[in-house]
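**Student:** Just coords01.txt, nothing more (compact mmCIF, N, CA, C and O atoms):
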```txt
# COMPACT_ATOMS: atom_id res chain seq x y z
N MET A 1 -6.55 20.51 -56.92
CA MET A 1 -7.04 19.29 -56.30
C MET A 1 -6.17 18.88 -55.12
O MET A 1 -6.68 18.46 -54.11
N GLN A 2 -4.86 19.03 -55.23
CA GLN A 2 -3.97 18.66 -54.12
C GLN A 2 -4.19 19.57 -52.91
O GLN A 2 -4.07 19.13 -51.78
N ILE A 3 -4.51 20.82 -53.17
CA ILE A 3 -4.75 21.76 -52.06
C ILE A 3 -5.98 21.31 -51.27
O ILE A 3 -5.94 21.29 -50.03
N ARG A 4 -7.03 20.92 -51.98
CA ARG A 4 -8.23 20.45 -51.27
C ARG A 4 -7.91 19.24 -50.42
O ARG A 4 -8.36 19.12 -49.28
N GLY A 5 -7.16 18.33 -50.97
CA GLY A 5 -6.79 17.12 -50.24
C GLY A 5 -5.95 17.46 -49.01
O GLY A 5 -6.13 16.89 -47.93
N ALA A 6 -5.02 18.40 -49.18
CA ALA A 6 -4.18 18.81 -48.06
C ALA A 6 -5.02 19.49 -46.98
O ALA A 6 -4.82 19.26 -45.79
N VAL A 7 -5.94 20.34 -47.40
CA VAL A 7 -6.83 21.02 -46.44
C VAL A 7 -7.69 19.99 -45.72
O VAL A 7 -7.86 20.05 -44.50
N ARG A 8 -8.22 19.05 -46.48
CA ARG A 8 -9.06 18.00 -45.89
C ARG A 8 -8.24 17.17 -44.89
O ARG A 8 -8.70 16.87 -43.78
N THR A 9 -7.03 16.81 -45.28
CA THR A 9 -6.15 16.03 -44.40
C THR A 9 -5.83 16.81 -43.13
O THR A 9 -5.88 16.26 -42.03
N GLN A 10 -5.53 18.08 -43.27
CA GLN A 10 -5.23 18.91 -42.10
C GLN A 10 -6.45 19.06 -41.20
O GLN A 10 -6.34 19.01 -39.98
N ALA A 11 -7.60 19.21 -41.81
CA ALA A 11 -8.84 19.32 -41.04
C ALA A 11 -9.09 18.03 -40.25
O ALA A 11 -9.51 18.08 -39.09
N MET A 12 -8.81 16.90 -40.88
CA MET A 12 -8.97 15.62 -40.18
C MET A 12 -7.98 15.51 -39.02
O MET A 12 -8.34 15.07 -37.92
N ARG A 13 -6.75 15.95 -39.25
CA ARG A 13 -5.75 15.92 -38.18
C ARG A 13 -6.16 16.86 -37.04
O ARG A 13 -6.03 16.52 -35.87
N ASP A 14 -6.65 18.06 -37.38
CA ASP A 14 -7.11 19.01 -36.37
C ASP A 14 -8.26 18.43 -35.56
O ASP A 14 -8.31 18.55 -34.34
N SER A 15 -9.19 17.79 -36.27
CA SER A 15 -10.34 17.19 -35.61
C SER A 15 -9.88 16.07 -34.67
O SER A 15 -10.36 15.96 -33.54
N GLU A 16 -8.96 15.25 -35.14
CA GLU A 16 -8.44 14.17 -34.31
C GLU A 16 -7.72 14.73 -33.09
O GLU A 16 -7.89 14.25 -31.97
N PHE A 17 -6.93 15.78 -33.31
CA PHE A 17 -6.22 16.41 -32.21
C PHE A 17 -7.19 16.97 -31.18
O PHE A 17 -7.03 16.79 -29.97
N MET A 18 -8.23 17.66 -31.66
CA MET A 18 -9.22 18.22 -30.74
C MET A 18 -9.94 17.11 -29.98
O MET A 18 -10.26 17.26 -28.81
N GLY A 19 -10.18 16.00 -30.66
CA GLY A 19 -10.78 14.86 -29.98
C GLY A 19 -9.88 14.34 -28.86
O GLY A 19 -10.34 14.03 -27.76
N GLN A 20 -8.58 14.28 -29.13
CA GLN A 20 -7.62 13.84 -28.12
C GLN A 20 -7.57 14.83 -26.96
O GLN A 20 -7.53 14.44 -25.79
N VAL A 21 -7.58 16.11 -27.29
CA VAL A 21 -7.57 17.14 -26.24
C VAL A 21 -8.82 17.03 -25.38
O VAL A 21 -8.76 17.09 -24.15
N THR A 22 -9.96 16.85 -26.02
CA THR A 22 -11.22 16.74 -25.30
C THR A 22 -11.21 15.52 -24.39
O THR A 22 -11.60 15.59 -23.22
N ARG A 23 -10.74 14.38 -24.91
CA ARG A 23 -10.68 13.16 -24.10
C ARG A 23 -9.73 13.34 -22.91
O ARG A 23 -10.02 12.92 -21.80
N ALA A 24 -8.61 13.98 -23.17
CA ALA A 24 -7.65 14.22 -22.08
C ALA A 24 -8.23 15.15 -21.03
O ALA A 24 -8.05 14.94 -19.82
N ALA A 25 -8.93 16.19 -21.49
CA ALA A 25 -9.56 17.13 -20.55
C ALA A 25 -10.61 16.42 -19.71
O ALA A 25 -10.69 16.64 -18.50
N ARG A 26 -11.39 15.57 -20.35
CA ARG A 26 -12.42 14.83 -19.60
C ARG A 26 -11.76 13.91 -18.59
O ARG A 26 -12.21 13.81 -17.44
N ALA A 27 -10.72 13.21 -19.02
CA ALA A 27 -10.02 12.30 -18.10
C ALA A 27 -9.42 13.09 -16.94
O ALA A 27 -9.50 12.66 -15.79
N GLY A 28 -8.84 14.26 -17.25
CA GLY A 28 -8.28 15.10 -16.20
C GLY A 28 -9.35 15.60 -15.26
O GLY A 28 -9.16 15.63 -14.04
N ALA A 29 -10.48 15.99 -15.82
CA ALA A 29 -11.58 16.49 -14.99
C ALA A 29 -12.13 15.37 -14.11
O ALA A 29 -12.44 15.60 -12.94
N LEU A 30 -12.23 14.18 -14.67
CA LEU A 30 -12.72 13.06 -13.87
C LEU A 30 -11.74 12.72 -12.75
O LEU A 30 -12.16 12.45 -11.63
N ALA A 31 -10.46 12.76 -13.06
CA ALA A 31 -9.46 12.48 -12.04
C ALA A 31 -9.51 13.54 -10.93
O ALA A 31 -9.43 13.22 -9.75
N ALA A 32 -9.67 14.80 -11.34
CA ALA A 32 -9.76 15.88 -10.35
C ALA A 32 -11.02 15.72 -9.50
O ALA A 32 -10.98 15.91 -8.27
N LEU A 33 -12.11 15.37 -10.12
CA LEU A 33 -13.36 15.15 -9.40
C LEU A 33 -13.22 13.98 -8.43
O LEU A 33 -13.68 14.04 -7.29
N GLU A 34 -12.56 12.94 -8.88
CA GLU A 34 -12.32 11.77 -8.03
C GLU A 34 -11.52 12.16 -6.79
O GLU A 34 -11.85 11.76 -5.67
N ARG A 35 -10.47 12.96 -6.98
CA ARG A 35 -9.65 13.41 -5.85
C ARG A 35 -10.47 14.30 -4.91
O ARG A 35 -10.35 14.19 -3.69
N LEU A 36 -11.30 15.16 -5.47
CA LEU A 36 -12.14 16.04 -4.67
C LEU A 36 -13.12 15.23 -3.82
O LEU A 36 -13.27 15.49 -2.62
N ILE A 37 -13.75 14.25 -4.41
CA ILE A 37 -14.70 13.40 -3.68
C ILE A 37 -13.97 12.61 -2.59
O ILE A 37 -14.44 12.51 -1.46
N GLU A 38 -12.80 12.08 -2.94
CA GLU A 38 -12.02 11.32 -1.96
C GLU A 38 -11.65 12.20 -0.77
O GLU A 38 -11.80 11.80 0.38
N THR A 39 -11.20 13.41 -1.05
CA THR A 39 -10.84 14.34 0.01
C THR A 39 -12.05 14.68 0.88
O THR A 39 -11.97 14.69 2.11
N ALA A 40 -13.18 14.93 0.23
CA ALA A 40 -14.40 15.26 0.98
C ALA A 40 -14.82 14.09 1.87
O ALA A 40 -15.20 14.30 3.03
N LEU A 41 -14.74 12.88 1.35
CA LEU A 41 -15.12 11.71 2.15
C LEU A 41 -14.17 11.51 3.33
O LEU A 41 -14.61 11.18 4.43
N LEU A 42 -12.89 11.75 3.10
CA LEU A 42 -11.93 11.64 4.20
C LEU A 42 -12.22 12.68 5.28
O LEU A 42 -12.17 12.38 6.48
N GLU A 43 -12.54 13.91 4.86
CA GLU A 43 -12.86 14.97 5.82
C GLU A 43 -14.12 14.62 6.61
O GLU A 43 -14.17 14.81 7.83
N VAL A 44 -15.14 14.12 5.91
CA VAL A 44 -16.38 13.74 6.58
C VAL A 44 -16.12 12.61 7.56
O VAL A 44 -16.62 12.62 8.70
N GLY A 45 -15.32 11.66 7.14
CA GLY A 45 -14.97 10.54 8.02
C GLY A 45 -14.24 11.03 9.26
O GLY A 45 -14.52 10.58 10.38
N GLN A 46 -13.30 11.94 9.08
CA GLN A 46 -12.55 12.47 10.22
C GLN A 46 -13.47 13.24 11.15
O GLN A 46 -13.37 13.13 12.38
N ARG A 47 -14.40 14.00 10.59
CA ARG A 47 -15.36 14.73 11.43
C ARG A 47 -16.23 13.77 12.22
O ARG A 47 -16.56 14.02 13.39
N ALA A 48 -16.64 12.68 11.58
CA ALA A 48 -17.47 11.68 12.26
C ALA A 48 -16.68 11.06 13.42
O ALA A 48 -17.23 10.85 14.51
N ILE A 49 -15.41 10.77 13.20
CA ILE A 49 -14.58 10.21 14.26
C ILE A 49 -14.44 11.21 15.40
O ILE A 49 -14.58 10.86 16.58
N ASP A 50 -14.18 12.47 15.05
CA ASP A 50 -14.05 13.51 16.08
C ASP A 50 -15.34 13.66 16.88
O ASP A 50 -15.31 13.79 18.11
N LEU A 51 -16.47 13.64 16.19
CA LEU A 51 -17.76 13.77 16.86
C LEU A 51 -18.00 12.58 17.79
O LEU A 51 -18.47 12.73 18.92
N THR A 52 -17.65 11.40 17.32
CA THR A 52 -17.82 10.20 18.14
C THR A 52 -16.96 10.28 19.40
O THR A 52 -17.43 9.99 20.50
N ARG A 53 -15.71 10.69 19.24
CA ARG A 53 -14.83 10.84 20.40
C ARG A 53 -15.39 11.86 21.39
O ARG A 53 -15.38 11.63 22.60
N ALA A 54 -15.86 12.98 20.87
CA ALA A 54 -16.41 14.02 21.75
C ALA A 54 -17.65 13.51 22.47
O ALA A 54 -17.83 13.78 23.66
N THR A 55 -18.47 12.77 21.76
CA THR A 55 -19.69 12.23 22.38
C THR A 55 -19.34 11.24 23.48
O THR A 55 -19.90 11.29 24.58
N VAL A 56 -18.40 10.35 23.21
CA VAL A 56 -17.97 9.38 24.22
C VAL A 56 -17.38 10.10 25.43
O VAL A 56 -17.68 9.76 26.58
N ARG A 57 -16.59 11.12 25.18
CA ARG A 57 -16.00 11.90 26.27
C ARG A 57 -17.09 12.57 27.10
O ARG A 57 -17.06 12.56 28.34
N ASN A 58 -18.08 13.16 26.42
CA ASN A 58 -19.19 13.81 27.14
C ASN A 58 -19.98 12.81 27.96
O ASN A 58 -20.38 13.10 29.10
N ILE A 59 -20.22 11.64 27.42
CA ILE A 59 -20.96 10.60 28.15
C ILE A 59 -20.16 10.16 29.38
O ILE A 59 -20.71 10.02 30.47
N ALA A 60 -18.84 9.99 29.18
CA ALA A 60 -17.99 9.58 30.31
C ALA A 60 -17.99 10.63 31.41
O ALA A 60 -18.09 10.31 32.60
N GLU A 61 -17.93 11.90 31.02
CA GLU A 61 -17.97 12.98 32.01
C GLU A 61 -19.31 13.02 32.73
O GLU A 61 -19.38 13.24 33.96
N TRP A 62 -20.39 12.81 32.02
CA TRP A 62 -21.72 12.80 32.64
C TRP A 62 -21.83 11.66 33.63
O TRP A 62 -22.35 11.82 34.75
N ILE A 63 -21.31 10.48 33.22
CA ILE A 63 -21.37 9.32 34.12
C ILE A 63 -20.57 9.60 35.38
O ILE A 63 -21.02 9.32 36.50
N LYS A 64 -19.38 10.16 35.24
CA LYS A 64 -18.54 10.47 36.42
C LYS A 64 -19.25 11.48 37.33
O LYS A 64 -19.21 11.34 38.56
N ALA A 65 -19.91 12.45 36.73
CA ALA A 65 -20.55 13.49 37.53
C ALA A 65 -21.84 13.02 38.18
O ALA A 65 -22.21 13.51 39.25
N ASN A 66 -22.53 12.08 37.59
CA ASN A 66 -23.87 11.71 38.07
C ASN A 66 -23.97 10.32 38.73
O ASN A 66 -25.02 9.97 39.23
N TRP A 67 -22.92 9.57 38.74
CA TRP A 67 -23.00 8.24 39.35
C TRP A 67 -22.21 8.25 40.55
O TRP A 67 -21.53 8.12 41.25
```
Do you think you could lay out the structure here as structure tokens?
**Tutor:**
Amino acid sequence: MQIRGAVRTQAMRDSEFMGQVTRAARAGALAALERLIETALLEVGQRAIDLTRATVRNIAEWIKANW
């Protein structure tokens, strides 16, 4: 009877541990995804700024050449 109880107790501890591991993995994955999205948004923002600068420069050059 004590062996069954010990096995049951260990199984509960293993299950709890796996639950903790799973929660930690999910939290880590969410944090990694958050960083990835943040990086992507920063890159897109930088590209938009670069495109805007290039467009303004092109417009200024056109104005100088045609006015």
**Student:** What is the atom N of A:Leu36-atom CA of A:Thr55 distance in Å, reported with one decimal?
**Tutor:** 29.2 Å
**Student:** Could you put an axis-aligned box around every listed atom of stretch 19-38 of chain A, padded by 3 Å on each side, and send me its centre and edge lengths in Å to one decimal, as JSON?
**Tutor:**
```
{"center_x": -11.1, "center_y": 14.2, "center_z": -15.1, "size_x": 13.2, "size_y": 11.8, "size_z": 37.0}
```
**Student:** So how far away is atom O of A:Ala24 from atom CA of A:Val7, in Å?
**Tutor:**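 For atom CA of A:Val7 relative to atom O of A:Ala24, the distance reads 27.3 Å.
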**Student:** Report, in Å to a single decimal, how far apart atom CA of A:Arg8 and atom CA of A:Gln20 are.
**Tutor:**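 Separation between atom CA of A:Gln20 and atom CA of A:Arg8: 18.3 Å.
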**Student:** Please, could all heavy atoms be added to stretch 4-15 of chain A and the result written as a compact mmCIF listing (two decimals), in the coordinates of the input?
**Tutor:**
```txt
# COMPACT_ATOMS: atom_id res chain seq x y z
N ARG A 4 -7.03 20.92 -51.98
CA ARG A 4 -8.23 20.45 -51.27
C ARG A 4 -7.91 19.24 -50.42
O ARG A 4 -8.36 19.12 -49.28
CB ARG A 4 -9.33 20.08 -52.27
CG ARG A 4 -10.11 21.24 -52.74
CD ARG A 4 -11.31 20.76 -53.51
NE ARG A 4 -11.84 21.84 -54.29
CZ ARG A 4 -12.80 21.72 -55.17
NH1 ARG A 4 -13.31 20.53 -55.41
NH2 ARG A 4 -13.25 22.74 -55.82
N GLY A 5 -7.16 18.33 -50.97
CA GLY A 5 -6.79 17.12 -50.24
C GLY A 5 -5.95 17.46 -49.01
O GLY A 5 -6.13 16.89 -47.93
N ALA A 6 -5.02 18.40 -49.18
CA ALA A 6 -4.18 18.81 -48.06
C ALA A 6 -5.02 19.49 -46.98
O ALA A 6 -4.82 19.26 -45.79
CB ALA A 6 -3.08 19.74 -48.55
N VAL A 7 -5.94 20.34 -47.40
CA VAL A 7 -6.83 21.02 -46.44
C VAL A 7 -7.69 19.99 -45.72
O VAL A 7 -7.86 20.05 -44.50
CB VAL A 7 -7.70 22.08 -47.16
CG1 VAL A 7 -8.80 22.58 -46.24
CG2 VAL A 7 -6.83 23.23 -47.64
N ARG A 8 -8.22 19.05 -46.48
CA ARG A 8 -9.06 18.00 -45.89
C ARG A 8 -8.24 17.17 -44.89
O ARG A 8 -8.70 16.87 -43.78
CB ARG A 8 -9.62 17.11 -46.99
CG ARG A 8 -11.03 16.68 -46.72
CD ARG A 8 -11.61 15.84 -47.83
NE ARG A 8 -12.26 16.71 -48.79
CZ ARG A 8 -12.26 16.53 -50.10
NH1 ARG A 8 -11.65 15.51 -50.63
NH2 ARG A 8 -12.90 17.36 -50.89
N THR A 9 -7.03 16.81 -45.28
CA THR A 9 -6.15 16.03 -44.40
C THR A 9 -5.83 16.81 -43.13
O THR A 9 -5.88 16.26 -42.03
CB THR A 9 -4.84 15.67 -45.14
OG1 THR A 9 -5.17 14.89 -46.29
CG2 THR A 9 -3.91 14.87 -44.25
N GLN A 10 -5.53 18.08 -43.27
CA GLN A 10 -5.23 18.91 -42.10
C GLN A 10 -6.45 19.06 -41.20
O GLN A 10 -6.34 19.01 -39.98
CB GLN A 10 -4.71 20.29 -42.52
CG GLN A 10 -4.20 21.14 -41.37
CD GLN A 10 -3.05 20.48 -40.62
OE1 GLN A 10 -2.13 19.95 -41.22
NE2 GLN A 10 -3.12 20.49 -39.31
N ALA A 11 -7.60 19.21 -41.81
CA ALA A 11 -8.84 19.32 -41.04
C ALA A 11 -9.09 18.03 -40.25
O ALA A 11 -9.51 18.08 -39.09
CB ALA A 11 -10.02 19.62 -41.95
N MET A 12 -8.81 16.90 -40.88
CA MET A 12 -8.97 15.62 -40.18
C MET A 12 -7.98 15.51 -39.02
O MET A 12 -8.34 15.07 -37.92
CB MET A 12 -8.80 14.45 -41.15
CG MET A 12 -9.98 14.29 -42.09
SD MET A 12 -9.79 13.06 -43.41
CE MET A 12 -8.89 11.76 -42.69
N ARG A 13 -6.75 15.95 -39.25
CA ARG A 13 -5.75 15.92 -38.18
C ARG A 13 -6.16 16.86 -37.04
O ARG A 13 -6.03 16.52 -35.87
CB ARG A 13 -4.39 16.34 -38.71
CG ARG A 13 -3.72 15.29 -39.55
CD ARG A 13 -2.34 15.73 -39.95
NE ARG A 13 -1.81 14.79 -40.93
CZ ARG A 13 -1.04 15.11 -41.94
NH1 ARG A 13 -0.69 16.38 -42.13
NH2 ARG A 13 -0.60 14.20 -42.77
N ASP A 14 -6.65 18.06 -37.38
CA ASP A 14 -7.11 19.01 -36.37
C ASP A 14 -8.26 18.43 -35.56
O ASP A 14 -8.31 18.55 -34.34
CB ASP A 14 -7.54 20.33 -37.01
CG ASP A 14 -6.36 21.13 -37.55
OD1 ASP A 14 -5.21 20.78 -37.22
OD2 ASP A 14 -6.61 22.09 -38.30
N SER A 15 -9.19 17.79 -36.27
CA SER A 15 -10.34 17.19 -35.61
C SER A 15 -9.88 16.07 -34.67
O SER A 15 -10.36 15.96 -33.54
CB SER A 15 -11.30 16.64 -36.66
OG SER A 15 -12.37 15.98 -36.05
```
